[in-house]
Each structure stands twice: as structure tokens, then as C-alpha cells.
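Dropping entry07.cif in here (mmCIF, C-alpha atoms and all ligand atoms):
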data_model
#
loop_
_atom_site.label_atom_id
_atom_site.label_comp_id
_atom_site.auth_asym_id
_atom_site.auth_seq_id
_atom_site.Cartn_x
_atom_site.Cartn_y
_atom_site.Cartn_z
CA MET X 214 8.44 17.46 3.92
CA LYS X 215 5.75 18.19 1.31
CA ILE X 216 3.92 21.47 1.94
CA ALA X 217 0.81 22.93 0.29
CA LEU X 218 0.24 26.67 0.56
CA ILE X 219 -3.30 28.03 0.84
CA GLY X 220 -3.09 31.77 0.21
CA TYR X 221 -0.23 33.17 -1.84
CA GLY X 222 -0.15 36.77 -0.63
CA LYS X 223 2.38 38.53 1.59
CA MET X 224 2.68 35.63 4.05
CA GLY X 225 2.31 32.78 1.53
CA LYS X 226 5.26 34.11 -0.47
CA GLU X 227 7.42 34.67 2.64
CA ILE X 228 6.63 31.15 3.88
CA GLU X 229 7.56 29.66 0.51
CA LYS X 230 11.06 31.19 0.78
CA VAL X 231 11.62 29.89 4.32
CA ALA X 232 10.21 26.42 3.50
CA LEU X 233 12.49 26.02 0.45
CA SER X 234 15.51 27.23 2.46
CA ARG X 235 14.79 24.49 5.02
CA GLY X 236 14.72 21.79 2.33
CA HIS X 237 10.95 21.38 2.03
CA GLU X 238 9.02 20.91 -1.20
CA ILE X 239 6.01 23.07 -2.17
CA VAL X 240 3.66 20.62 -3.89
CA SER X 241 0.60 22.86 -4.36
CA ILE X 242 -0.23 26.58 -4.17
CA ILE X 243 -3.92 27.41 -3.75
CA ASP X 244 -5.05 31.01 -4.22
CA VAL X 245 -8.35 32.61 -5.27
CA ASP X 246 -7.88 31.96 -9.02
CA ASN X 247 -7.25 28.18 -8.75
CA HIS X 248 -9.18 27.40 -5.58
CA GLN X 249 -10.70 24.23 -7.13
CA ASP X 250 -7.17 22.69 -7.22
CA ILE X 251 -7.51 21.96 -3.52
CA ASP X 252 -9.32 18.82 -4.78
CA SER X 253 -6.23 17.39 -6.50
CA ASP X 254 -3.65 14.64 -6.03
CA ALA X 255 -0.94 17.30 -5.71
CA PHE X 256 -2.74 18.94 -2.76
CA ARG X 257 -3.52 15.56 -1.18
CA SER X 258 0.16 14.59 -1.37
CA ALA X 259 1.07 17.33 1.13
CA ASP X 260 2.09 16.38 4.67
CA VAL X 261 0.76 19.74 5.86
CA ALA X 262 -1.08 22.70 4.31
CA ILE X 263 -0.10 26.18 5.52
CA GLU X 264 -3.09 28.53 5.36
CA PHE X 265 -2.70 32.35 5.43
CA THR X 266 -5.68 33.96 3.71
CA ALA X 267 -8.39 36.13 5.29
CA PRO X 268 -10.95 36.03 8.14
CA ALA X 269 -13.95 35.30 5.89
CA VAL X 270 -12.46 32.26 4.13
CA ALA X 271 -10.04 30.67 6.62
CA TYR X 272 -12.57 28.32 8.25
CA GLY X 273 -13.80 27.05 4.85
CA ASN X 274 -10.22 26.46 3.71
CA CYS X 275 -9.44 24.42 6.82
CA MET X 276 -12.60 22.34 6.30
CA GLU X 277 -11.69 21.67 2.65
CA ALA X 278 -8.14 20.64 3.58
CA PHE X 279 -9.52 18.29 6.26
CA LYS X 280 -11.85 16.81 3.63
CA GLN X 281 -8.79 16.06 1.50
CA GLY X 282 -7.15 14.36 4.51
CA VAL X 283 -4.47 17.04 4.95
CA LYS X 284 -3.34 18.52 8.29
CA VAL X 285 -3.42 22.32 8.52
CA VAL X 286 -1.29 25.10 10.00
CA SER X 287 -3.34 28.31 9.92
CA GLY X 288 -2.18 31.82 10.75
CA SER X 289 -5.27 33.59 9.45
CA THR X 290 -6.78 35.86 12.09
CA GLY X 291 -10.30 37.08 12.79
CA TRP X 292 -12.09 33.71 12.53
CA MET X 293 -11.34 31.69 15.66
CA GLY X 294 -13.78 33.68 17.82
CA GLU X 295 -16.65 32.34 15.72
CA HIS X 296 -15.31 28.89 14.77
CA GLY X 297 -12.83 28.03 17.55
CA ASP X 298 -15.15 25.69 19.47
CA GLU X 299 -16.06 23.76 16.32
CA VAL X 300 -12.47 23.24 15.12
CA ARG X 301 -11.37 22.18 18.62
CA ARG X 302 -14.20 19.63 18.60
CA LEU X 303 -13.21 18.32 15.16
CA CYS X 304 -9.64 17.88 16.37
CA LYS X 305 -10.68 16.22 19.63
CA GLU X 306 -13.48 13.99 18.39
CA GLU X 307 -12.93 13.46 14.67
CA GLY X 308 -9.17 13.03 14.39
CA LYS X 309 -8.45 16.27 12.52
CA THR X 310 -5.23 18.20 13.07
CA LEU X 311 -4.99 22.01 13.14
CA PHE X 312 -2.13 24.14 14.43
CA TRP X 313 -3.42 27.70 14.85
CA SER X 314 -1.74 30.77 16.21
CA SER X 315 -2.59 34.45 15.91
CA ASN X 316 1.16 35.06 15.76
CA PHE X 317 3.89 32.58 14.81
CA SER X 318 6.93 34.66 15.74
CA LEU X 319 9.20 33.44 18.52
CA GLY X 320 9.44 37.04 19.74
CA VAL X 321 5.69 37.25 20.29
CA ALA X 322 5.69 33.87 22.06
CA ILE X 323 8.27 35.27 24.50
CA PHE X 324 6.40 38.60 24.74
CA SER X 325 3.19 36.73 25.49
CA ALA X 326 4.83 34.87 28.41
CA VAL X 327 6.13 38.20 29.80
CA ASN X 328 2.66 39.74 29.35
CA LYS X 329 1.03 36.98 31.43
CA TYR X 330 3.68 37.24 34.16
CA LEU X 331 3.31 41.03 34.35
CA ALA X 332 -0.49 40.75 34.55
CA LYS X 333 -0.19 38.32 37.45
CA ILE X 334 2.17 40.67 39.32
CA MET X 335 -0.29 43.55 38.83
CA ASN X 336 -2.90 41.82 41.03
CA ARG X 337 -0.87 43.19 43.94
CA PHE X 338 -0.75 46.74 42.54
CA PRO X 339 -4.27 48.09 41.93
CA ASN X 340 -3.00 51.63 41.21
CA TYR X 341 -1.96 50.56 37.73
CA ASP X 342 -4.51 50.43 34.92
CA VAL X 343 -3.82 48.55 31.71
CA SER X 344 -4.50 49.26 28.03
CA MET X 345 -3.23 47.96 24.70
CA VAL X 346 -2.52 49.47 21.28
CA GLU X 347 -1.68 47.57 18.11
CA THR X 348 -0.40 49.14 14.87
CA HIS X 349 -0.52 47.44 11.46
CA HIS X 350 -0.31 48.22 7.74
CA ILE X 351 -3.26 49.81 5.94
CA HIS X 352 -4.21 46.56 4.10
CA LYS X 353 -5.19 44.71 7.28
CA VAL X 354 -8.92 43.90 7.32
CA ASP X 355 -9.46 42.84 10.95
CA ALA X 356 -9.19 45.00 14.08
CA PRO X 357 -8.05 44.51 16.71
CA SER X 358 -5.36 42.14 15.48
CA GLY X 359 -5.48 38.45 16.36
CA THR X 360 -2.30 38.91 18.37
CA ALA X 361 -3.89 41.74 20.38
CA ILE X 362 -6.86 39.51 21.17
CA THR X 363 -4.57 36.66 22.30
CA LEU X 364 -2.52 39.08 24.46
CA ALA X 365 -5.74 40.53 25.92
CA GLU X 366 -6.92 37.00 26.78
CA GLY X 367 -3.56 36.44 28.50
CA ILE X 368 -4.19 39.53 30.66
CA LEU X 369 -7.79 38.55 31.48
CA GLU X 370 -6.67 35.07 32.58
CA ASN X 371 -4.13 36.54 35.00
CA LEU X 372 -5.35 39.96 36.19
CA ASP X 373 -8.36 39.50 38.46
CA ARG X 374 -9.71 43.07 38.17
CA LYS X 375 -10.28 42.79 34.39
CA SER X 376 -13.11 40.64 33.05
CA LYS X 377 -13.30 41.49 29.33
CA TRP X 378 -11.48 43.35 26.58
CA VAL X 379 -13.28 46.03 24.55
CA MET X 380 -12.46 47.76 21.28
CA GLY X 381 -10.90 51.15 22.02
CA THR X 382 -10.15 53.65 19.29
CA LEU X 383 -9.51 52.78 15.64
CA THR X 384 -7.27 55.19 13.75
CA ALA X 385 -7.88 54.79 10.02
CA PRO X 386 -5.13 55.24 7.39
CA ASP X 387 -6.37 58.82 6.74
CA GLY X 388 -5.95 59.68 10.43
CA THR X 389 -9.67 59.58 11.28
CA VAL X 390 -10.20 58.30 14.82
CA SER X 391 -13.35 56.41 15.86
CA GLY X 392 -14.34 54.68 19.11
CA THR X 393 -13.24 55.59 22.64
CA THR X 394 -10.86 54.46 25.36
CA GLU X 395 -13.49 55.37 28.01
CA CYS X 396 -14.49 52.08 29.61
CA ALA X 397 -15.64 50.43 32.84
CA PRO X 398 -12.99 49.52 35.48
CA ASP X 399 -13.24 45.80 34.65
CA GLU X 400 -12.73 46.41 30.90
CA LEU X 401 -9.42 46.35 29.03
CA PRO X 402 -9.40 48.73 26.03
CA VAL X 403 -7.60 47.51 22.90
CA SER X 404 -7.02 50.20 20.28
CA ALA X 405 -5.87 49.79 16.68
CA ILE X 406 -3.92 52.03 14.32
CA ARG X 407 -3.66 51.39 10.57
CA ARG X 408 -0.56 53.11 9.15
CA ASP X 409 1.70 52.72 6.09
CA GLU X 410 3.27 49.24 5.72
CA VAL X 411 3.86 48.48 9.44
CA PRO X 412 4.30 44.65 9.81
CA GLY X 413 2.93 44.65 13.38
CA ILE X 414 3.51 46.50 16.68
CA HIS X 415 1.83 45.55 19.98
CA THR X 416 2.18 47.77 23.07
CA ILE X 417 0.81 47.07 26.55
CA ARG X 418 0.78 49.99 29.02
CA TYR X 419 0.28 49.96 32.78
CA GLU X 420 -0.32 53.52 34.03
CA SER X 421 -0.30 54.79 37.60
CA GLU X 422 -0.29 58.41 38.82
CA ALA X 423 3.44 58.05 39.40
CA ASP X 424 4.74 56.28 36.30
CA SER X 425 4.16 54.11 33.24
CA ILE X 426 5.31 50.55 32.58
CA ILE X 427 5.29 49.85 28.84
CA ILE X 428 6.18 46.65 26.99
CA THR X 429 6.30 46.49 23.18
CA HIS X 430 6.84 43.86 20.52
CA ASP X 431 7.79 45.43 17.17
CA ALA X 432 8.09 43.09 14.18
CA LYS X 433 10.77 44.42 11.77
CA ASN X 434 9.46 42.33 8.85
CA ARG X 435 7.46 39.11 8.21
CA LYS X 436 10.43 36.71 8.45
CA GLY X 437 9.72 35.78 12.08
CA PHE X 438 6.07 34.93 11.31
CA ALA X 439 7.12 32.83 8.31
CA LEU X 440 9.84 30.90 10.13
CA GLY X 441 7.46 30.16 13.00
CA ALA X 442 4.81 28.90 10.57
CA VAL X 443 7.29 26.51 8.93
CA LEU X 444 8.53 25.29 12.34
CA ALA X 445 4.87 24.73 13.27
CA ALA X 446 4.36 22.74 10.04
CA GLU X 447 7.37 20.54 10.86
CA TYR X 448 5.87 19.95 14.32
CA THR X 449 2.38 19.34 12.92
CA ALA X 450 3.59 16.70 10.48
CA VAL X 451 4.43 14.44 13.44
CA HIS X 452 1.72 15.45 15.96
CA GLU X 453 -2.08 15.23 16.12
CA GLY X 454 -4.99 17.30 17.40
CA PHE X 455 -5.49 21.01 18.12
CA LEU X 456 -1.98 22.45 18.44
CA GLY X 457 -0.55 25.85 19.35
CA MET X 458 2.60 27.77 20.22
CA ASN X 459 2.67 26.39 23.77
CA ASP X 460 3.11 22.91 22.25
CA LEU X 461 5.88 24.09 19.93
CA PHE X 462 7.92 26.14 22.42
CA GLN X 463 6.87 24.36 25.65
CA PHE X 464 6.02 27.63 27.49
N1 LIG E 501 -0.36 34.24 12.59
C1 LIG E 501 0.61 35.04 12.14
O1 LIG E 501 1.77 34.96 12.56
C2 LIG E 501 0.28 36.02 11.06
C3 LIG E 501 -1.01 36.09 10.62
N2 LIG E 501 -1.32 36.90 9.56
C4 LIG E 501 -2.69 36.79 9.08
O2 LIG E 501 -2.65 35.98 7.92
C5 LIG E 501 -3.67 36.37 7.01
C6 LIG E 501 -3.04 36.66 5.65
O3 LIG E 501 -2.11 37.71 5.75
P1 LIG E 501 -1.31 38.24 4.45
O4 LIG E 501 -0.59 37.15 3.78
O5 LIG E 501 -0.57 39.42 4.93
O6 LIG E 501 -2.55 38.70 3.53
P2 LIG E 501 -2.57 38.89 1.95
O7 LIG E 501 -3.84 39.63 1.66
O8 LIG E 501 -1.29 39.47 1.49
O9 LIG E 501 -2.67 37.41 1.38
C7 LIG E 501 -3.82 36.62 1.47
C8 LIG E 501 -3.89 35.78 0.20
O10 LIG E 501 -4.95 34.84 0.31
C9 LIG E 501 -5.66 34.85 -0.91
N3 LIG E 501 -7.01 34.33 -0.71
C10 LIG E 501 -8.15 35.00 -0.41
N4 LIG E 501 -9.19 34.14 -0.33
C11 LIG E 501 -8.69 32.91 -0.57
C12 LIG E 501 -9.24 31.62 -0.62
N5 LIG E 501 -10.55 31.40 -0.40
N6 LIG E 501 -8.43 30.58 -0.87
C13 LIG E 501 -7.12 30.76 -1.11
N7 LIG E 501 -6.52 31.97 -1.09
C14 LIG E 501 -7.29 33.03 -0.81
C15 LIG E 501 -5.61 36.30 -1.34
O11 LIG E 501 -5.92 36.44 -2.73
P3 LIG E 501 -6.48 37.85 -3.26
O12 LIG E 501 -5.43 38.86 -2.95
O13 LIG E 501 -6.70 37.62 -4.70
O14 LIG E 501 -7.76 38.10 -2.48
C16 LIG E 501 -4.15 36.63 -1.05
O15 LIG E 501 -3.29 36.19 -2.08
C17 LIG E 501 -4.37 37.55 7.68
O16 LIG E 501 -5.49 37.07 8.38
C18 LIG E 501 -3.34 38.07 8.68
O17 LIG E 501 -3.93 38.71 9.78
C19 LIG E 501 -0.39 37.67 8.97
C20 LIG E 501 0.90 37.68 9.40
C21 LIG E 501 1.35 36.86 10.49
O1 LIG E 502 -2.26 41.06 9.23
C1 LIG E 502 -1.07 41.06 9.60
O2 LIG E 502 -0.17 41.55 8.92
C2 LIG E 502 -0.74 40.43 10.87
N1 LIG E 502 -1.67 39.73 11.47
C3 LIG E 502 -1.55 38.99 12.67
C4 LIG E 502 -2.51 39.52 13.71
O3 LIG E 502 -3.66 39.87 13.35
O4 LIG E 502 -2.14 39.58 14.87
C5 LIG E 502 -0.12 38.84 13.13
C6 LIG E 502 0.79 39.97 12.81
O5 LIG E 502 0.65 40.98 13.76
C7 LIG E 502 0.64 40.50 11.40
#

Produce C-alpha cells that represent the structure in this file.
Amino acid sequence: MKIALIGYGKMGKEIEKVALSRGHEIVSIIDVDNHQDIDSDAFRSADVAIEFTAPAVAYGNCMEAFKQGVKVVSGSTGWMGEHGDEVRRLCKEEGKTLFWSSNFSLGVAIFSAVNKYLAKIMNRFPNYDVSMVETHHIHKVDAPSGTAITLAEGILENLDRKSKWVMGTLTAPDGTVSGTTECAPDELPVSAIRRDEVPGIHTIRYESEADSIIITHDAKNRKGFALGAVLAAEYTAVHEGFLGMNDLFQF
């Protein structure tokens, strides 16, 4: 399969390695310096573009790839809240194809299923209150993480006593803490920690007076994200519309 990469940072480089190891060809690499090359025969020859850039530019990149007639797999976070409805409409009504996930690792897909199941169980046990903490490297620009937002949505869909998630505390790289975990009973606090080079840790806690139930996903490196993104690209090459991890793994 012919793959174009949009964004050649930490994830773009990891994805390149996995794609080559699976026998794919990288036909175009678009980064900040050569952004105009998205309008090129090389880019247009791609079966799929894999986009990992930044919240502020991800939507524009997807639109430009669509304009060139190329399907997109995007892992960029922090932009679907604002543009999700529009890209879903483009996929449904205008024949575009986008596979988006806040987290491409198989481990997080499994963790997400467990999270939803646990939230459903907790409807019967009102003594437990739930909160979430995510920890990432100091370079990350968005908080809370896209994965944390997706996990929070999974809890809200399944736990009747929670109606929205709210930003809890944010611990900056220098240790400064802002925000609060004080919130209304129907709110789910999601806190963020920025520390060292942590690839990504997500912890969900249910606390009662008697005990704690804690589930954690801890990414050891970026290989799981990269493999998932390439598997998603292979899937996207032969499918249409707005696609996600539930399509890929049939959860
Ligand atoms: N869904 C998932 O599984 C995962 C998602 N992510 C998300 O992916 C995104 C990227 O992460 P990561 O690779 O670690 O970030 P990096 O900052 O390491 O890489 C982003 C790259 O995109 C480049 N870039 C910026 N603007 C543009 C543009 N307009 N067009 C093309 N390239 C551009 C940057 O260039 P420059 O440095 O010059 O600005 C940089 O090379 C983030 O939103 C992150 O949250 C990360 C890991 C897993
Ligand atoms: O920026 C990152 O690094 C990551 N971003 C994604 C997110 O915001 O959830 C996925 C992963 O946790 C790494």
C-alpha cells in the first residue's frame, strides 16, 4: 500500500518504521517546511494519508488531503470537539473517508471496553465516586488528553449519575498545580499531569469509604500507537466513511 505521512514528528517517524516493516511504501512526507507538497502527484498517489500533527492544524490537513482525493487516518487530538460534526457530515454526505481515534493502541481499545463495562456495573453501587488522571510528556500541548476525553465519554454514556466531565487539576512540568478536583456530584473530574517523557498513562479510580478500584493503561512506548495507526490505514484503504477503532476491532 502507498502511504503519505502528514506530520513527521515523534509519531510520524514511529509510523514510518512500522509501515516499512509491514511492506508498505512511503510516497510522500509532509511537514511544516514542505507543506505545499501536499498538492503533488506523489501525495495524490497515496492510498491513505496518516496525519499526526497538532490540534490547531489537524482539521486543515484533513481538508487538504480530501481536496487531493486521498483518504485520511488521523491520530491528532484536541480538534474533534470543534470539528467532529463537520467531518462526520463530510464522510456521510460527501463521500470522504476519515479514520480517527484519540488512541490507536490495541491496549487502550481493550481498556476502553473494560472502562465502559465497569461504569455500567457502577450504576448499582452509588457509594463509589469516579475520577480520572492522565499523565503525559512535557511536550504535549492539549489537556486533558484525547484518550482521557474518549474514556470520559465512555463513562458518561454508561454511568447514569454522571452527566459531564470537567477539567480537574493540571500539574505543569515544574510541579505547579492549577485547577481543582472539587466538582458537583454529576461531574466527572479529569486531571492532567505533564512529566518528563511519559508516553501516556490513563488511570480511572472508583472510591468508596471502604476501598478503591483502580484501572490503569500505561503505554511503555509509542510502538502500540504506531502499529494501530498502520492497521487502521490498511483497513481504511478498503473501507469508506467515518471510521473508528470499533470498526477495526469489532468491539
Ligand atoms: N491517536 C493516537 O494514538 C496518538 C495521538 N497522538 C497525537 O498526535 C499528535 C502528534 O503527536 P506527536 O507526533 O507526538 O507530536 P510531534 O510534535 O512530535 O509531531 C508533530 C509533527 O507535525 C508537524 N506539523 C505541525 N504542523 C504541521 C502542519 N500544518 N502540517 C504538517 N506537519 C505539521 C510538526 O512540525 P514542527 O515540529 O516543525 O512544528 C511535527 O513534526 C498530537 O496531537 C498527539 O496528541 C500522539 C500519540 C498517539
Ligand atoms: O500526545 C501524546 O503523546 C499522546 N496523545 C494521545 C492523547 O491525547 O490521548 C494518545 C496518547 O496518549 C499519546

10 Å contact set for segment 394-407 of chain X, all atoms listed in the file, chain neighbours under 6 positions out, as a ChimeraX atom specification = /X:342-358,361-362,364-366,368-369,372-388,413-417

Residue contacts of segment 444-460 of chain X (8 Å, all atoms listed in the file) excluding same-chain residues fewer than 3 positions away, as an NGL selection string | :X and (214 or 260-263 or 284-286 or 300-301 or 304-305 or 308-314 or 317 or 322 or 440-441 or 463-464)

Return as JSON, numbers by chain every polymer residue, whether protein, DNA or RNA, with at least one atom no more than 6 Å from an atom of ligand LIG 501 (chain E); count all atoms listed in the file.
-> {"X": [219, 220, 221, 222, 223, 224, 225, 243, 244, 245, 248, 265, 266, 267, 268, 270, 288, 289, 290, 314, 315, 316, 317, 438]}

Write the residues of the preceding selection, restricted to C-alpha atoms, as a short mmCIF file (atom, residue, chain, number, x, y, z; two decimals), keeping the file's coordinate frame.
data_model
loop_
_atom_site.label_atom_id
_atom_site.label_comp_id
_atom_site.auth_asym_id
_atom_site.auth_seq_id
_atom_site.Cartn_x
_atom_site.Cartn_y
_atom_site.Cartn_z
CA ILE X 219 -3.30 28.03 0.84
CA GLY X 220 -3.09 31.77 0.21
CA TYR X 221 -0.23 33.17 -1.84
CA GLY X 222 -0.15 36.77 -0.63
CA LYS X 223 2.38 38.53 1.59
CA MET X 224 2.68 35.63 4.05
CA GLY X 225 2.31 32.78 1.53
CA ILE X 243 -3.92 27.41 -3.75
CA ASP X 244 -5.05 31.01 -4.22
CA VAL X 245 -8.35 32.61 -5.27
CA HIS X 248 -9.18 27.40 -5.58
CA PHE X 265 -2.70 32.35 5.43
CA THR X 266 -5.68 33.96 3.71
CA ALA X 267 -8.39 36.13 5.29
CA PRO X 268 -10.95 36.03 8.14
CA VAL X 270 -12.46 32.26 4.13
CA GLY X 288 -2.18 31.82 10.75
CA SER X 289 -5.27 33.59 9.45
CA THR X 290 -6.78 35.86 12.09
CA SER X 314 -1.74 30.77 16.21
CA SER X 315 -2.59 34.45 15.91
CA ASN X 316 1.16 35.06 15.76
CA PHE X 317 3.89 32.58 14.81
CA PHE X 438 6.07 34.93 11.31
#

Quick one: residues within 12 Å of Ser234 of chain X, only C-alpha atoms, excluding same-chain residues fewer than 6 positions away - as a compact mmCIF listing (two decimals) with C-alpha atoms, keeping the file's coordinate frame?
# COMPACT_ATOMS: atom_id res chain seq x y z
CA GLU X 227 7.42 34.67 2.64
CA ILE X 228 6.63 31.15 3.88
CA ALA X 439 7.12 32.83 8.31
CA LEU X 440 9.84 30.90 10.13
CA VAL X 443 7.29 26.51 8.93

Selection: 8 Å around Ala332 of chain X, only C-alpha atoms, excl. self and same-chain fewer than 3 positions, as a list in words |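 Counting only the stated atoms, we get Asn328, Lys329, Met335, Asn336, Ile368, Asn371 and Leu372 of chain X.
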
Residues as selected, C-alpha atoms, written as a PDB file, in the coordinates of the input, can you do that?
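For reference, selection.pdb as written:
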ATOM      1  CA  ASN X 328       2.660  39.740  29.350  1.00  0.00           C
ATOM      2  CA  LYS X 329       1.030  36.980  31.430  1.00  0.00           C
ATOM      3  CA  MET X 335      -0.290  43.550  38.830  1.00  0.00           C
ATOM      4  CA  ASN X 336      -2.900  41.820  41.030  1.00  0.00           C
ATOM      5  CA  ILE X 368      -4.190  39.530  30.660  1.00  0.00           C
ATOM      6  CA  ASN X 371      -4.130  36.540  35.000  1.00  0.00           C
ATOM      7  CA  LEU X 372      -5.350  39.960  36.190  1.00  0.00           C
TER       8      LEU X 372
END

Between X:Glu277, X:Ile426, X:Arg302, X:Met293, single out the one closest to ligand LIG 502 (chain E), counting all atoms listed in the file.
-> X:Met293

When you draw a straight line from atom CA of Gly294 of chain X to atom C3 of ligand LIG 502 (chain E), how long is it in Å?
->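 Interatomic distance here is 14.3 Å.
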
Tell me, in Å to one decimal, how far atom C4 of ligand LIG 502 (chain E) is from atom CA of Ile216 of chain X.
-> 22.5 Å

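Computed from the coordinates, the atom CA of Ala217 of chain X to atom CA of Glu295 of chain X distance equals 25.1 Å.
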
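If only C-alpha atoms are the atoms counted, then among X:Leu461, X:Val283, X:Met276, X:Val231 the closest residue to Arg257 of chain X is X:Val283.
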
Taking into account only C-alpha atoms, which residue in the set X:Ile323, X:Cys275, X:Ala259, X:Ala432 is nearest to Ser287 of chain X?
->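 Residue with the minimum atom-to-atom distance to Ser287 of chain X: X:Cys275.
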
Could you tell me which of X:Lys230, X:Lys433, X:Arg418, X:Arg408 comes closest to Leu218 of chain X if we count all atoms listed in the file?
->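 Of X:Lys230, X:Lys433, X:Arg418, X:Arg408, the one nearest Leu218 of chain X, counting all atoms listed in the file, is X:Lys230.
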
Residue nearest Arg435 of chain X - candidates X:Lys226, X:Thr360, X:Ser258, X:Glu238, atoms counted: only C-alpha atoms =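 Nearest to Arg435 of chain X: X:Lys226.
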
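Each of X:Gly367, X:Gly291, X:Pro339, X:Gly297 was checked against Ser325 of chain X using all atoms listed in the file; the smallest atom-to-atom distance is that of X:Gly367.
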
Box for segment 306-324 of chain X - axis-aligned, 3 Å on each of the six sides, all listed atoms - centre and size in Å to one decimal, as lines of an AutoDock Vina configuration file.
center_x = -2.0
center_y = 25.8
center_z = 18.6
size_x = 28.9
size_y = 31.6
size_z = 18.2

Segment 337-352 of chain X from the block above: N, CA, C and O atoms written as a PDB file, in the first residue's frame:
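Below you can see selection33.pdb, which holds the result:
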ATOM      1  N   ARG X 337     -25.197   0.273  39.909  1.00  0.00           N
ATOM      2  CA  ARG X 337     -25.798  -0.441  41.048  1.00  0.00           C
ATOM      3  C   ARG X 337     -25.107  -0.112  42.367  1.00  0.00           C
ATOM      4  O   ARG X 337     -25.532  -0.578  43.424  1.00  0.00           O
ATOM      5  N   PHE X 338     -24.010   0.644  42.309  1.00  0.00           N
ATOM      6  CA  PHE X 338     -23.208   0.881  43.524  1.00  0.00           C
ATOM      7  C   PHE X 338     -22.909   2.373  43.693  1.00  0.00           C
ATOM      8  O   PHE X 338     -21.794   2.844  43.421  1.00  0.00           O
ATOM      9  N   PRO X 339     -23.907   3.122  44.184  1.00  0.00           N
ATOM     10  CA  PRO X 339     -23.768   4.579  44.261  1.00  0.00           C
ATOM     11  C   PRO X 339     -22.730   5.064  45.267  1.00  0.00           C
ATOM     12  O   PRO X 339     -22.393   6.251  45.268  1.00  0.00           O
ATOM     13  N   ASN X 340     -22.205   4.170  46.115  1.00  0.00           N
ATOM     14  CA  ASN X 340     -21.209   4.615  47.103  1.00  0.00           C
ATOM     15  C   ASN X 340     -19.846   4.910  46.473  1.00  0.00           C
ATOM     16  O   ASN X 340     -18.971   5.482  47.123  1.00  0.00           O
ATOM     17  N   TYR X 341     -19.670   4.493  45.222  1.00  0.00           N
ATOM     18  CA  TYR X 341     -18.385   4.739  44.567  1.00  0.00           C
ATOM     19  C   TYR X 341     -18.457   6.011  43.722  1.00  0.00           C
ATOM     20  O   TYR X 341     -19.390   6.180  42.937  1.00  0.00           O
ATOM     21  N   ASP X 342     -17.447   6.875  43.896  1.00  0.00           N
ATOM     22  CA  ASP X 342     -17.355   8.045  43.010  1.00  0.00           C
ATOM     23  C   ASP X 342     -16.139   7.870  42.102  1.00  0.00           C
ATOM     24  O   ASP X 342     -15.141   7.259  42.476  1.00  0.00           O
ATOM     25  N   VAL X 343     -16.259   8.444  40.906  1.00  0.00           N
ATOM     26  CA  VAL X 343     -15.242   8.174  39.882  1.00  0.00           C
ATOM     27  C   VAL X 343     -14.457   9.441  39.529  1.00  0.00           C
ATOM     28  O   VAL X 343     -15.000  10.550  39.521  1.00  0.00           O
ATOM     29  N   SER X 344     -13.178   9.254  39.236  1.00  0.00           N
ATOM     30  CA  SER X 344     -12.332  10.355  38.747  1.00  0.00           C
ATOM     31  C   SER X 344     -11.278   9.758  37.815  1.00  0.00           C
ATOM     32  O   SER X 344     -11.084   8.539  37.784  1.00  0.00           O
ATOM     33  N   MET X 345     -10.630  10.626  37.053  1.00  0.00           N
ATOM     34  CA  MET X 345      -9.617  10.156  36.095  1.00  0.00           C
ATOM     35  C   MET X 345      -8.381  11.048  36.151  1.00  0.00           C
ATOM     36  O   MET X 345      -8.510  12.262  36.359  1.00  0.00           O
ATOM     37  N   VAL X 346      -7.220  10.435  35.963  1.00  0.00           N
ATOM     38  CA  VAL X 346      -5.968  11.201  35.850  1.00  0.00           C
ATOM     39  C   VAL X 346      -5.198  10.678  34.651  1.00  0.00           C
ATOM     40  O   VAL X 346      -5.081   9.457  34.466  1.00  0.00           O
ATOM     41  N   GLU X 347      -4.722  11.593  33.818  1.00  0.00           N
ATOM     42  CA  GLU X 347      -3.822  11.178  32.726  1.00  0.00           C
ATOM     43  C   GLU X 347      -2.468  11.850  32.909  1.00  0.00           C
ATOM     44  O   GLU X 347      -2.402  12.986  33.385  1.00  0.00           O
ATOM     45  N   THR X 348      -1.390  11.128  32.560  1.00  0.00           N
ATOM     46  CA  THR X 348      -0.031  11.662  32.651  1.00  0.00           C
ATOM     47  C   THR X 348       0.647  11.530  31.297  1.00  0.00           C
ATOM     48  O   THR X 348       0.601  10.461  30.678  1.00  0.00           O
ATOM     49  N   HIS X 349       1.226  12.638  30.827  1.00  0.00           N
ATOM     50  CA  HIS X 349       1.946  12.638  29.545  1.00  0.00           C
ATOM     51  C   HIS X 349       3.222  13.464  29.651  1.00  0.00           C
ATOM     52  O   HIS X 349       3.395  14.260  30.574  1.00  0.00           O
ATOM     53  N   HIS X 350       4.055  13.313  28.642  1.00  0.00           N
ATOM     54  CA  HIS X 350       5.318  14.053  28.486  1.00  0.00           C
ATOM     55  C   HIS X 350       5.099  15.573  28.468  1.00  0.00           C
ATOM     56  O   HIS X 350       3.998  16.048  28.144  1.00  0.00           O
ATOM     57  N   ILE X 351       6.151  16.301  28.741  1.00  0.00           N
ATOM     58  CA  ILE X 351       6.056  17.762  28.901  1.00  0.00           C
ATOM     59  C   ILE X 351       5.823  18.509  27.584  1.00  0.00           C
ATOM     60  O   ILE X 351       5.518  19.694  27.599  1.00  0.00           O
ATOM     61  N   HIS X 352       5.966  17.820  26.422  1.00  0.00           N
ATOM     62  CA  HIS X 352       5.793  18.499  25.128  1.00  0.00           C
ATOM     63  C   HIS X 352       4.325  18.550  24.702  1.00  0.00           C
ATOM     64  O   HIS X 352       3.981  19.245  23.749  1.00  0.00           O
TER      65      HIS X 352
END
